[in-house]
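Student: Questions regarding the structure given below will be posed in turn.
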Amino acid sequence: MILLTIDEWWSQMETEEQVFWILAIFSSVVFFLVFIFSLFGFDADSDFDTDLSADADIDSPDFPIFSIKSITAFMTFFSWTGVLLLKEGRSLWTIIPYSFISGLIAMILVIFLLKKFSDLTEAGNADPLELIFEKGDVYIPIPGEKQGSGKVHVVLNRSLREMSAITEGESIATGEKIRVLEILPDNVLLVEKTK
């Protein structure tokens, strides 16, 4: 019964409206997945090697404008603006500029926020040796017995840093407290679980 109703609803739409709905649903699902992965410490923009994050930058040669997050934000707002304006009965040629501007604003906002968050965690000129015996929190779980690395949040030079870490003991879960024991090559921290 519900499938029949969805089929009727779909068949009553014009082709433009169907295209906007497909884009809206797809981009919303991707947006939701990127958000969920970010909550669990899996950063799609840095963990995937995308050709989209090519040569463009904002004040920094390493800062990508065309990242998965910014493009997803653009597509989500572009498509949902189109869906809403088509419901009002506007023509396709008046909808596209509004949708484009809406998507562009969302994209610029995401880029701005990512840049601000990036500035908070930049290493700068701080000496990682200052972290020895300092405490922090586990961000990405650390496998036990040096079987792999995780990520920790530590405060260095009065700013929050995200750094790779390993442990010689048992694995350490997200959210648990750690203490830095040693600074290894490539600024990887050797840590232990603490209270």
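Residues are referred to by chain and number: the chain letter is A, B, ... according to the order shown in the structure tokens, the number counts from 1 in that chain, and ligands are numbered separately from 1 in the order shown.
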Which neighbours of Val188 of chain A fall inside 9 Å, counting only C-alpha atoms, when residues of the same chain fewer than 6 positions from it are skipped, and could you give them as a short mmCIF file (atom, residue, chain, number, x, y, z; two decimals) with N, CA and C atoms, in the first residue's frame?
Tutor:
```cif
data_model
loop_
_atom_site.label_atom_id
_atom_site.label_comp_id
_atom_site.auth_asym_id
_atom_site.auth_seq_id
_atom_site.Cartn_x
_atom_site.Cartn_y
_atom_site.Cartn_z
N SER A 149 48.34 2.44 15.64
CA SER A 149 48.22 3.75 16.30
C SER A 149 46.78 4.22 16.30
N MET A 163 47.00 14.18 17.85
CA MET A 163 48.26 13.54 17.50
C MET A 163 48.12 12.03 17.50
N SER A 164 48.95 11.39 16.69
CA SER A 164 48.98 9.92 16.65
C SER A 164 49.62 9.40 17.92
N ALA A 165 49.12 8.24 18.37
CA ALA A 165 49.64 7.67 19.61
C ALA A 165 49.61 6.15 19.56
N ILE A 166 50.58 5.55 20.26
CA ILE A 166 50.61 4.09 20.43
C ILE A 166 50.77 3.80 21.91
N GLU A 182 56.52 9.26 26.14
CA GLU A 182 57.68 9.47 25.28
C GLU A 182 57.23 10.02 23.94
#
```
Student: Would you pick out the contacts of Ala24 of chain A at 6 Å or less, using only C-alpha atoms, so that residues sharing its chain but fewer than 5 positions from it are not included, and give the list as a PyMOL selection string?
Tutor: chain A and resi 76+79-80
Student: Got time to write the residues from that selection, C-alpha atoms, as a JSON list (two decimals), in the first residue's frame?
Tutor:
```json
[["chain", "number", "residue", "atom", "x", "y", "z"],
["A", 76, "THR", "CA", 22.50, 18.98, -0.16],
["A", 79, "SER", "CA", 19.00, 20.04, -4.25],
["A", 80, "TRP", "CA", 16.70, 20.76, -1.28]]
```
Student: Nearest to Leu109 of chain A: which of A:Leu189, A:Ile178, A:Leu92, A:Ala73 is it, counting only C-alpha atoms?
Tutor: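 Among A:Leu189, A:Ile178, A:Leu92, A:Ala73, it is A:Ala73 that comes nearest to Leu109 of chain A.
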Student: Excluding Phe78 of chain A and its own-chain neighbours fewer than 2 positions away, which residues fall within 9 Å of it when counting only C-alpha atoms? Please give them as a PDB file with C-alpha atoms, in the first residue's frame.
Tutor:
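Final output, out.pdb:
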```pdb
ATOM      1  CA  PHE A  20      16.060  17.281  -7.710  1.00  0.00           C
ATOM      2  CA  LEU A  23      19.946  14.571  -5.775  1.00  0.00           C
ATOM      3  CA  ALA A  24      18.358  15.637  -2.466  1.00  0.00           C
ATOM      4  CA  ALA A  73      27.046  20.545   1.795  1.00  0.00           C
ATOM      5  CA  PHE A  74      26.754  22.256  -1.603  1.00  0.00           C
ATOM      6  CA  MET A  75      24.813  19.380  -3.175  1.00  0.00           C
ATOM      7  CA  THR A  76      22.496  18.985  -0.164  1.00  0.00           C
ATOM      8  CA  TRP A  80      16.700  20.756  -1.285  1.00  0.00           C
ATOM      9  CA  THR A  81      16.331  24.394  -2.358  1.00  0.00           C
ATOM     10  CA  GLY A  82      15.340  23.103  -5.801  1.00  0.00           C
ATOM     11  CA  VAL A  83      12.783  20.684  -4.333  1.00  0.00           C
ATOM     12  CA  ILE A  96      18.722  27.006 -10.581  1.00  0.00           C
ATOM     13  CA  TYR A  98      18.594  30.243  -6.130  1.00  0.00           C
ATOM     14  CA  SER A  99      19.701  26.630  -5.659  1.00  0.00           C
ATOM     15  CA  PHE A 100      23.251  27.460  -6.749  1.00  0.00           C
ATOM     16  CA  ILE A 101      23.483  30.435  -4.364  1.00  0.00           C
ATOM     17  CA  SER A 102      22.054  28.343  -1.507  1.00  0.00           C
ATOM     18  CA  GLY A 103      24.575  25.561  -2.162  1.00  0.00           C
ATOM     19  CA  LEU A 104      27.437  28.055  -2.481  1.00  0.00           C
ATOM     20  CA  ALA A 106      26.475  26.250   2.538  1.00  0.00           C
TER      21      ALA A 106
END
```
Student: When you look at segment 130-143 of chain A with a cut-off of 8 Å (counting only C-alpha atoms), what residues show up, excluding the ones that are within fewer than 4 positions of it in the same chain? I need them as a PDB file with N, CA and C atoms, in the first residue's frame.
Tutor:
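Once written, part37.pdb looks like this:
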```
ATOM      1  N   PHE A  40      32.545   9.617  14.990  1.00  0.00           N
ATOM      2  CA  PHE A  40      33.308   8.477  15.469  1.00  0.00           C
ATOM      3  C   PHE A  40      34.793   8.578  15.146  1.00  0.00           C
ATOM      4  N   GLY A  41      35.223   9.756  14.708  1.00  0.00           N
ATOM      5  CA  GLY A  41      36.645   9.987  14.511  1.00  0.00           C
ATOM      6  C   GLY A  41      37.189   9.570  13.165  1.00  0.00           C
ATOM      7  N   GLN A 147      50.401  -2.506  18.431  1.00  0.00           N
ATOM      8  CA  GLN A 147      49.881  -3.171  17.227  1.00  0.00           C
ATOM      9  C   GLN A 147      49.311  -2.183  16.211  1.00  0.00           C
ATOM     10  N   GLY A 148      49.362  -0.928  16.503  1.00  0.00           N
ATOM     11  CA  GLY A 148      48.853   0.101  15.592  1.00  0.00           C
ATOM     12  C   GLY A 148      48.725   1.405  16.349  1.00  0.00           C
ATOM     13  N   SER A 149      48.342   2.443  15.638  1.00  0.00           N
ATOM     14  CA  SER A 149      48.222   3.750  16.298  1.00  0.00           C
ATOM     15  C   SER A 149      46.780   4.224  16.301  1.00  0.00           C
ATOM     16  N   GLY A 150      46.495   5.085  17.259  1.00  0.00           N
ATOM     17  CA  GLY A 150      45.214   5.767  17.337  1.00  0.00           C
ATOM     18  C   GLY A 150      45.481   7.262  17.365  1.00  0.00           C
ATOM     19  N   LYS A 151      44.502   8.025  17.797  1.00  0.00           N
ATOM     20  CA  LYS A 151      44.667   9.483  17.885  1.00  0.00           C
ATOM     21  C   LYS A 151      44.271   9.938  19.283  1.00  0.00           C
ATOM     22  N   VAL A 152      44.987  10.928  19.777  1.00  0.00           N
ATOM     23  CA  VAL A 152      44.671  11.514  21.072  1.00  0.00           C
ATOM     24  C   VAL A 152      44.564  13.024  20.942  1.00  0.00           C
ATOM     25  N   HIS A 153      43.808  13.617  21.848  1.00  0.00           N
ATOM     26  CA  HIS A 153      43.737  15.069  21.963  1.00  0.00           C
ATOM     27  C   HIS A 153      44.561  15.479  23.171  1.00  0.00           C
ATOM     28  N   VAL A 154      45.515  16.360  22.956  1.00  0.00           N
ATOM     29  CA  VAL A 154      46.364  16.885  24.025  1.00  0.00           C
ATOM     30  C   VAL A 154      46.439  18.402  23.870  1.00  0.00           C
ATOM     31  N   VAL A 155      46.757  19.081  24.956  1.00  0.00           N
ATOM     32  CA  VAL A 155      46.911  20.540  24.907  1.00  0.00           C
ATOM     33  C   VAL A 155      48.402  20.857  24.868  1.00  0.00           C
ATOM     34  N   LEU A 156      48.813  21.528  23.806  1.00  0.00           N
ATOM     35  CA  LEU A 156      50.209  21.925  23.629  1.00  0.00           C
ATOM     36  C   LEU A 156      50.237  23.398  23.249  1.00  0.00           C
ATOM     37  N   ALA A 165      49.121   8.243  18.369  1.00  0.00           N
ATOM     38  CA  ALA A 165      49.641   7.673  19.615  1.00  0.00           C
ATOM     39  C   ALA A 165      49.606   6.155  19.564  1.00  0.00           C
ATOM     40  N   ILE A 166      50.578   5.550  20.264  1.00  0.00           N
ATOM     41  CA  ILE A 166      50.606   4.095  20.428  1.00  0.00           C
ATOM     42  C   ILE A 166      50.772   3.803  21.915  1.00  0.00           C
ATOM     43  N   THR A 167      50.521   2.553  22.297  1.00  0.00           N
ATOM     44  CA  THR A 167      50.704   2.158  23.694  1.00  0.00           C
ATOM     45  C   THR A 167      51.337   0.779  23.760  1.00  0.00           C
ATOM     46  N   GLU A 170      47.543  -2.483  27.282  1.00  0.00           N
ATOM     47  CA  GLU A 170      46.275  -2.886  26.663  1.00  0.00           C
ATOM     48  C   GLU A 170      45.750  -1.763  25.788  1.00  0.00           C
ATOM     49  N   SER A 171      44.799  -2.137  24.901  1.00  0.00           N
ATOM     50  CA  SER A 171      44.200  -1.120  24.034  1.00  0.00           C
ATOM     51  C   SER A 171      43.453  -0.088  24.879  1.00  0.00           C
ATOM     52  N   ILE A 172      43.375   1.112  24.346  1.00  0.00           N
ATOM     53  CA  ILE A 172      42.735   2.216  25.069  1.00  0.00           C
ATOM     54  C   ILE A 172      41.588   2.730  24.202  1.00  0.00           C
ATOM     55  N   ALA A 173      40.400   2.776  24.786  1.00  0.00           N
ATOM     56  CA  ALA A 173      39.184   3.129  24.038  1.00  0.00           C
ATOM     57  C   ALA A 173      39.005   4.641  23.938  1.00  0.00           C
ATOM     58  N   THR A 174      38.161   5.051  23.006  1.00  0.00           N
ATOM     59  CA  THR A 174      37.814   6.463  22.828  1.00  0.00           C
ATOM     60  C   THR A 174      37.257   7.044  24.128  1.00  0.00           C
ATOM     61  N   GLY A 175      37.728   8.236  24.479  1.00  0.00           N
ATOM     62  CA  GLY A 175      37.227   8.931  25.658  1.00  0.00           C
ATOM     63  C   GLY A 175      38.027   8.672  26.921  1.00  0.00           C
ATOM     64  N   GLU A 176      38.907   7.659  26.908  1.00  0.00           N
ATOM     65  CA  GLU A 176      39.683   7.366  28.114  1.00  0.00           C
ATOM     66  C   GLU A 176      40.865   8.331  28.232  1.00  0.00           C
ATOM     67  N   LYS A 177      41.319   8.505  29.465  1.00  0.00           N
ATOM     68  CA  LYS A 177      42.423   9.423  29.759  1.00  0.00           C
ATOM     69  C   LYS A 177      43.764   8.722  29.540  1.00  0.00           C
ATOM     70  N   ILE A 178      44.720   9.485  29.043  1.00  0.00           N
ATOM     71  CA  ILE A 178      46.073   8.954  28.832  1.00  0.00           C
ATOM     72  C   ILE A 178      47.108   9.923  29.394  1.00  0.00           C
ATOM     73  N   ARG A 179      48.344   9.388  29.590  1.00  0.00           N
ATOM     74  CA  ARG A 179      49.486  10.224  29.942  1.00  0.00           C
ATOM     75  C   ARG A 179      50.589   9.935  28.933  1.00  0.00           C
ATOM     76  N   VAL A 180      51.254  10.965  28.485  1.00  0.00           N
ATOM     77  CA  VAL A 180      52.320  10.831  27.488  1.00  0.00           C
ATOM     78  C   VAL A 180      53.598  10.406  28.189  1.00  0.00           C
ATOM     79  N   LEU A 181      54.215   9.334  27.688  1.00  0.00           N
ATOM     80  CA  LEU A 181      55.453   8.825  28.267  1.00  0.00           C
ATOM     81  C   LEU A 181      56.688   9.205  27.456  1.00  0.00           C
ATOM     82  N   GLU A 182      56.516   9.265  26.137  1.00  0.00           N
ATOM     83  CA  GLU A 182      57.684   9.469  25.279  1.00  0.00           C
ATOM     84  C   GLU A 182      57.231  10.024  23.939  1.00  0.00           C
ATOM     85  N   ILE A 183      58.095  10.783  23.277  1.00  0.00           N
ATOM     86  CA  ILE A 183      57.834  11.279  21.930  1.00  0.00           C
ATOM     87  C   ILE A 183      58.678  10.434  20.978  1.00  0.00           C
TER      88      ILE A 183
END
```
Student: So what do you get for atom CA of Leu114 of chain A versus atom CA of Asn187 of chain A, distance-wise?
Tutor: 23.3 Å
Student: Just how far from atom CA of Thr72 of chain A is atom CA of Phe31 of chain A, in Å to one decimal?
Tutor: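 Spanning atom CA of Phe31 of chain A to atom CA of Thr72 of chain A is a straight-line distance of 5.8 Å.
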Student: With only C-alpha atoms as the basis for distance, which of A:Leu184, A:Lys195, A:Glu16, A:Ser67 is at the shortest distance from Lys115 of chain A?
Tutor: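 Closest to Lys115 of chain A, using only C-alpha atoms: A:Ser67.
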